[in-house]
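Written out below as structure tokens is the structure these notes cover.
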Amino acid sequence: MGPILLATDGSEYARQAAKQAIELATDRGVALHVICVVDQRRFDDTALSSAELATIYAADHAAICVEEVAEMAATEDVRVVGNTRHGSPHDVILEYADEVDAEIIVVGEHGNHTEHFSGVRRKLLEESDWEVRIVEGTGGKIMEESG
């Protein structure tokens with residue numbers, strides 16, 4: 001069995017997805033990889049420009065999102081590997097899933113659209129060869145699966 005990959009943005013929906021991903025990783029005895037992507041469609045790479053402070057903030061926010069999931073998993077016997085990257089979220093998530101040979105990708109039903117553009121869930125479902133589980137934000141139930 002391969003590891004579980006959780007894509008997070010720190011939203012309440014992502015927290016519900018994190019609970020499901022931690023449970024899956026615990027039940028299967030596999031590592032939990034957590035990724036948060038700084039959306040380059042909104043934030044450029046850090047450079048000397050007016051967008052520099054916003055990009056730095058977004059990168060800091062991404063690191064906090066990953067750390068939050070690691071703290072949630074601390075009481076479980078789950079190895080958490082965290083990563084933050086810049087790019088188009090669905091592309092980066094799929095690339096990372098390939099790198100770590102993930103078995104399942106877990107994401108929340110909706111994201112934090114003040115930090116990211118929408119459409120990540122839809123694109124993951126359409127473009128992924130992996131099993132993708134979409135977790136409902138209110139009850140934390142799996143609402144949609146592919147693969």
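For the structure tokens, the naming scheme is as follows: chains receive sequential letters (A, B, ...) according to their order of presentation, residues are indexed from 1 within each chain, and ligands are indexed from 1 in presentation order.
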
- prompt: Using only C-alpha atoms, which residues sit within 9 Å of Val107 in chain A once same-chain residues fewer than 3 positions away are excluded, as a ChimeraX atom specification?
  reply: /A:5-8,13-14,16-18,21,110-111,121,132-135

message: Ranking A:Asp91, A:Gly10, A:Leu24, A:Thr55 by minimum distance to Val106 in chain A and counting only C-alpha atoms, which one comes first?
response: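 Ranked by minimum distance to Val106 in chain A, first place goes to A:Leu24.
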
- prompt: Where does DSSP see strand (DSSP E or B) in range 49-87 of chain A, if you list the residues as a ChimeraX atom specification?
  reply: /A:80-87

Could those selected residues go to a file with N, CA and C atoms, as a PDB file, in the first residue's frame?
```pdb
ATOM      1  N   VAL A  80       4.085  11.698   9.404  1.00  0.00           N
ATOM      2  CA  VAL A  80       3.621  12.788   8.549  1.00  0.00           C
ATOM      3  C   VAL A  80       4.824  13.409   7.848  1.00  0.00           C
ATOM      4  N   VAL A  81       4.702  13.537   6.536  1.00  0.00           N
ATOM      5  CA  VAL A  81       5.718  14.199   5.730  1.00  0.00           C
ATOM      6  C   VAL A  81       5.049  15.415   5.110  1.00  0.00           C
ATOM      7  N   GLY A  82       5.538  16.604   5.451  1.00  0.00           N
ATOM      8  CA  GLY A  82       4.919  17.829   4.970  1.00  0.00           C
ATOM      9  C   GLY A  82       5.731  18.492   3.880  1.00  0.00           C
ATOM     10  N   ASN A  83       5.022  19.207   2.994  1.00  0.00           N
ATOM     11  CA  ASN A  83       5.685  19.869   1.890  1.00  0.00           C
ATOM     12  C   ASN A  83       4.853  21.064   1.465  1.00  0.00           C
ATOM     13  N   THR A  84       5.532  22.140   1.083  1.00  0.00           N
ATOM     14  CA  THR A  84       4.862  23.273   0.461  1.00  0.00           C
ATOM     15  C   THR A  84       5.561  23.536  -0.868  1.00  0.00           C
ATOM     16  N   ARG A  85       4.769  23.904  -1.853  1.00  0.00           N
ATOM     17  CA  ARG A  85       5.320  24.178  -3.180  1.00  0.00           C
ATOM     18  C   ARG A  85       4.545  25.311  -3.827  1.00  0.00           C
ATOM     19  N   HIS A  86       5.127  25.862  -4.867  1.00  0.00           N
ATOM     20  CA  HIS A  86       4.486  26.908  -5.658  1.00  0.00           C
ATOM     21  C   HIS A  86       4.080  26.313  -6.998  1.00  0.00           C
ATOM     22  N   GLY A  87       2.936  26.722  -7.512  1.00  0.00           N
ATOM     23  CA  GLY A  87       2.497  26.275  -8.824  1.00  0.00           C
ATOM     24  C   GLY A  87       0.995  26.299  -8.932  1.00  0.00           C
TER      25      GLY A  87
END
```

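Counting only C-alpha atoms and comparing A:Ile56, A:Ala25, A:Ala31, A:Cys65, the residue that lies closest to Ser11 in chain A is A:Cys65.
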
task: Would you work out the distance separating CA of Val92 in chain A from CA of His33 in chain A, expressed in Å to one decimal?
output: 13.3 Å
